[in-house]
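Notes for the one structure printed next.
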Amino acid sequence: MGKIRVHDGSLHYTVQGSGTPLIFIHPPMLSGANFKYQLDELSNDFTVIAFDIRGHGKSEPSRQPLTYPLIVEDMKEIMNHLQVEKAFVCGYSTGGSIALEFLLTAPERALGGILVGGISEVNTWWLKNRITVGMVLANAGAISPLAFSIAWSNSDTPSTFQALVRDAKKTNKKNVGEYYRYSLMYNCTSRLHNISLPLLLVYGGKDKKFHPYGNVIHKNVTHSEFTLISNVKHQIPTKKPKELNHLIKNFILASKR
C-alpha cells in the first residue's frame, strides 16, 4: 500500500506481485478494495495495481471537478511513481468507461484493456435512472445509505461487506456526485474504432441490460473479445472472481504472444 501526491491531494494505491502491470479502476462509491480477489490471485502472475479514485476510499478529495481525463492523468502519475511504462487497464462498470478513455487518449501507456460490465455511453432510460439516483443521493449527502446499498450488492461474504462499506462511507459527496454526473454525459462510442489495442469484454450472463453495451463496443473495436460469465449479474469481481481472473490471465498471456 502507498500514497502518492497529485497536484491538490494524494491518492491511495495498492500494488502486489511482479510481471506485466495490470491496473484496476472502480466505479463510484467503491474503492480499490473491490478488487481484493484480483489482487490476491492475479498477483501470482502479474504486477496488480488497484487505487482509490479522488474522494473515494483512502484517497483525499479533489478540489478540481472529478472527470475521466483527470482520473486518466492520475493513473499515469501512479504509473510514473511505480516506474511502469505501459500497463493493461481493467475497468469495472463505469470504471470501464475510464479504461476506454485511457486507451483512447494515452495508448502509448497501454498494453490493452479489460472491461467488466463496461459501457461507452449511457443511452438507456434504465441506466440513466440508476446513475441519476446515485448522483442525487450523493449530492444530498446520503452517503451512508448509498454506501450500504452498493457495498451490500457487491459483497460475497460479511468480511467483504465490512471492507467495502468502510471505504464507501469515506466517500466525498462532491467528488462522487461529479463522478456520477460525468458518467451520465460521457460518450466515446464514435471514437471506439480508434482503439487498436486488444480488448477483453466480460459481462454477467444474467446482466442482460448491459449486453447491448458490450455488443456495441465489440462491434466497433477490431481486436476485441466478448465473453459472458454464467450465473452472475453485474458484480463479477467479487461474485465470480475465479472465472474473471482466469479470463484475464489467459487474455494477457495471449496478448503477449
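Here, A, B, ... name the chains of the C-alpha cells in the order displayed, residue numbers run from 1 inside each chain, and ligands are numbered from 1 in the same displayed order.
Using only C-alpha atoms, the contacts of Asp52 in chain A at a cut-off of 8 Å, with sequence neighbours closer than 6 positions omitted, comprise Leu11, His12, Tyr13, His26, Ser31, Gly32, Lys58 and Ser59 of chain A.
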Would you mind writing down, as a PDB file with N, CA and C atoms, in the first residue's frame, each residue of range 75-136 of chain A that DSSP on the backbone assigns to alpha helix (DSSP H)?
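Final output, selection.pdb:
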ATOM      1  N   MET A  75      -3.892   8.114 -13.087  1.00  0.00           N
ATOM      2  CA  MET A  75      -3.382   6.773 -13.356  1.00  0.00           C
ATOM      3  C   MET A  75      -1.963   6.839 -13.911  1.00  0.00           C
ATOM      4  N   LYS A  76      -1.727   7.792 -14.799  1.00  0.00           N
ATOM      5  CA  LYS A  76      -0.387   7.950 -15.361  1.00  0.00           C
ATOM      6  C   LYS A  76       0.615   8.381 -14.295  1.00  0.00           C
ATOM      7  N   GLU A  77       0.147   9.199 -13.338  1.00  0.00           N
ATOM      8  CA  GLU A  77       1.022   9.615 -12.237  1.00  0.00           C
ATOM      9  C   GLU A  77       1.409   8.413 -11.370  1.00  0.00           C
ATOM     10  N   ILE A  78       0.449   7.538 -11.099  1.00  0.00           N
ATOM     11  CA  ILE A  78       0.738   6.331 -10.326  1.00  0.00           C
ATOM     12  C   ILE A  78       1.728   5.450 -11.091  1.00  0.00           C
ATOM     13  N   MET A  79       1.509   5.297 -12.385  1.00  0.00           N
ATOM     14  CA  MET A  79       2.424   4.502 -13.207  1.00  0.00           C
ATOM     15  C   MET A  79       3.833   5.089 -13.180  1.00  0.00           C
ATOM     16  N   ASN A  80       3.927   6.410 -13.307  1.00  0.00           N
ATOM     17  CA  ASN A  80       5.245   7.052 -13.260  1.00  0.00           C
ATOM     18  C   ASN A  80       5.926   6.805 -11.918  1.00  0.00           C
ATOM     19  N   HIS A  81       5.132   6.926 -10.851  1.00  0.00           N
ATOM     20  CA  HIS A  81       5.663   6.730  -9.497  1.00  0.00           C
ATOM     21  C   HIS A  81       6.201   5.315  -9.316  1.00  0.00           C
ATOM     22  N   GLY A  95     -16.235   2.282 -14.373  1.00  0.00           N
ATOM     23  CA  GLY A  95     -14.783   2.295 -14.436  1.00  0.00           C
ATOM     24  C   GLY A  95     -14.289   1.829 -15.794  1.00  0.00           C
ATOM     25  N   GLY A  96     -15.126   1.048 -16.496  1.00  0.00           N
ATOM     26  CA  GLY A  96     -14.785   0.609 -17.843  1.00  0.00           C
ATOM     27  C   GLY A  96     -14.725   1.769 -18.821  1.00  0.00           C
ATOM     28  N   SER A  97     -15.558   2.784 -18.599  1.00  0.00           N
ATOM     29  CA  SER A  97     -15.517   3.976 -19.457  1.00  0.00           C
ATOM     30  C   SER A  97     -14.189   4.704 -19.291  1.00  0.00           C
ATOM     31  N   ILE A  98     -13.667   4.698 -18.061  1.00  0.00           N
ATOM     32  CA  ILE A  98     -12.366   5.321 -17.812  1.00  0.00           C
ATOM     33  C   ILE A  98     -11.270   4.519 -18.501  1.00  0.00           C
ATOM     34  N   ALA A  99     -11.394   3.188 -18.483  1.00  0.00           N
ATOM     35  CA  ALA A  99     -10.430   2.353 -19.196  1.00  0.00           C
ATOM     36  C   ALA A  99     -10.455   2.680 -20.693  1.00  0.00           C
ATOM     37  N   LEU A 100     -11.646   2.881 -21.256  1.00  0.00           N
ATOM     38  CA  LEU A 100     -11.750   3.256 -22.672  1.00  0.00           C
ATOM     39  C   LEU A 100     -11.109   4.616 -22.917  1.00  0.00           C
ATOM     40  N   GLU A 101     -11.352   5.573 -22.011  1.00  0.00           N
ATOM     41  CA  GLU A 101     -10.743   6.900 -22.153  1.00  0.00           C
ATOM     42  C   GLU A 101      -9.218   6.793 -22.102  1.00  0.00           C
ATOM     43  N   PHE A 102      -8.707   5.924 -21.269  1.00  0.00           N
ATOM     44  CA  PHE A 102      -7.260   5.711 -21.185  1.00  0.00           C
ATOM     45  C   PHE A 102      -6.735   5.163 -22.504  1.00  0.00           C
ATOM     46  N   LEU A 103      -7.401   4.157 -23.057  1.00  0.00           N
ATOM     47  CA  LEU A 103      -6.969   3.559 -24.318  1.00  0.00           C
ATOM     48  C   LEU A 103      -7.019   4.554 -25.465  1.00  0.00           C
ATOM     49  N   LEU A 104      -7.983   5.468 -25.419  1.00  0.00           N
ATOM     50  CA  LEU A 104      -8.160   6.441 -26.493  1.00  0.00           C
ATOM     51  C   LEU A 104      -7.205   7.618 -26.395  1.00  0.00           C
ATOM     52  N   THR A 105      -6.883   8.043 -25.173  1.00  0.00           N
ATOM     53  CA  THR A 105      -6.096   9.266 -25.012  1.00  0.00           C
ATOM     54  C   THR A 105      -4.656   9.016 -24.579  1.00  0.00           C
ATOM     55  N   TRP A 125     -32.897   4.459 -20.689  1.00  0.00           N
ATOM     56  CA  TRP A 125     -33.575   5.102 -19.570  1.00  0.00           C
ATOM     57  C   TRP A 125     -33.236   4.403 -18.272  1.00  0.00           C
ATOM     58  N   TRP A 126     -33.181   3.069 -18.296  1.00  0.00           N
ATOM     59  CA  TRP A 126     -32.929   2.286 -17.084  1.00  0.00           C
ATOM     60  C   TRP A 126     -31.596   2.669 -16.450  1.00  0.00           C
ATOM     61  N   LEU A 127     -30.534   2.724 -17.256  1.00  0.00           N
ATOM     62  CA  LEU A 127     -29.217   3.032 -16.694  1.00  0.00           C
ATOM     63  C   LEU A 127     -29.096   4.513 -16.331  1.00  0.00           C
ATOM     64  N   LYS A 128     -29.684   5.381 -17.156  1.00  0.00           N
ATOM     65  CA  LYS A 128     -29.685   6.810 -16.811  1.00  0.00           C
ATOM     66  C   LYS A 128     -30.342   7.032 -15.464  1.00  0.00           C
ATOM     67  N   ASN A 129     -31.441   6.333 -15.218  1.00  0.00           N
ATOM     68  CA  ASN A 129     -32.168   6.482 -13.958  1.00  0.00           C
ATOM     69  C   ASN A 129     -31.335   5.993 -12.777  1.00  0.00           C
ATOM     70  N   ARG A 130     -30.667   4.860 -12.942  1.00  0.00           N
ATOM     71  CA  ARG A 130     -29.858   4.304 -11.850  1.00  0.00           C
ATOM     72  C   ARG A 130     -28.711   5.246 -11.476  1.00  0.00           C
ATOM     73  N   ILE A 131     -28.039   5.771 -12.493  1.00  0.00           N
ATOM     74  CA  ILE A 131     -26.909   6.664 -12.225  1.00  0.00           C
ATOM     75  C   ILE A 131     -27.407   7.986 -11.652  1.00  0.00           C
ATOM     76  N   THR A 132     -28.531   8.474 -12.166  1.00  0.00           N
ATOM     77  CA  THR A 132     -29.100   9.729 -11.661  1.00  0.00           C
ATOM     78  C   THR A 132     -29.496   9.612 -10.195  1.00  0.00           C
ATOM     79  N   VAL A 133     -30.084   8.486  -9.816  1.00  0.00           N
ATOM     80  CA  VAL A 133     -30.444   8.268  -8.411  1.00  0.00           C
ATOM     81  C   VAL A 133     -29.207   8.322  -7.530  1.00  0.00           C
ATOM     82  N   GLY A 134     -28.120   7.661  -7.971  1.00  0.00           N
ATOM     83  CA  GLY A 134     -26.876   7.705  -7.211  1.00  0.00           C
ATOM     84  C   GLY A 134     -26.354   9.121  -7.073  1.00  0.00           C
ATOM     85  N   MET A 135     -26.419   9.889  -8.157  1.00  0.00           N
ATOM     86  CA  MET A 135     -25.943  11.273  -8.140  1.00  0.00           C
ATOM     87  C   MET A 135     -26.774  12.129  -7.195  1.00  0.00           C
ATOM     88  N   VAL A 136     -28.089  11.993  -7.250  1.00  0.00           N
ATOM     89  CA  VAL A 136     -28.981  12.785  -6.398  1.00  0.00           C
ATOM     90  C   VAL A 136     -28.747  12.458  -4.925  1.00  0.00           C
TER      91      VAL A 136
END
What residues in range 14-255 of chain A get the DSSP label strand (DSSP E or B)? Please answer as number ranges by chain.
A: 14-16, 21-25, 47-51, 87-92, 110-116, 121, 187, 199-204, 224-229
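Of the residues under consideration (A:Lys249, A:Lys239, A:His234, A:His193), A:His193 shows the shortest atom-to-atom contact distance to Ser120 in chain A when counting only C-alpha atoms.
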Shell of 8 Å around range 14-17 of chain A, only C-alpha atoms, local chain residues under 2 positions omitted, as a PyMOL selection string:
chain A and resi 1-2+12+19+32+39-40+42-51
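If you measure from each of A:Asn250, A:Asn139, A:Gln83, A:Gln38 to Tyr179 in chain A using only C-alpha atoms, the closest one turns out to be A:Asn139.
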Spatial neighbours of Leu146 in chain A, max dist 8 Å, only C-alpha atoms, sep filter under 5 positions, as a PyMOL selection string
chain A and resi 29+134+137-138
Restricting it to C-alpha atoms, dump the selection as a PDB file, in the first residue's frame.
ATOM      1  CA  MET A  29     -18.703   4.807  -4.209  1.00  0.00           C
ATOM      2  CA  GLY A 134     -26.876   7.705  -7.211  1.00  0.00           C
ATOM      3  CA  LEU A 137     -28.391  10.781  -3.216  1.00  0.00           C
ATOM      4  CA  ALA A 138     -24.702  11.705  -3.189  1.00  0.00           C
TER       5      ALA A 138
END
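Across the model, the gap from CA of Ala147 in chain A to CA of Glu178 in chain A is 16.2 Å.
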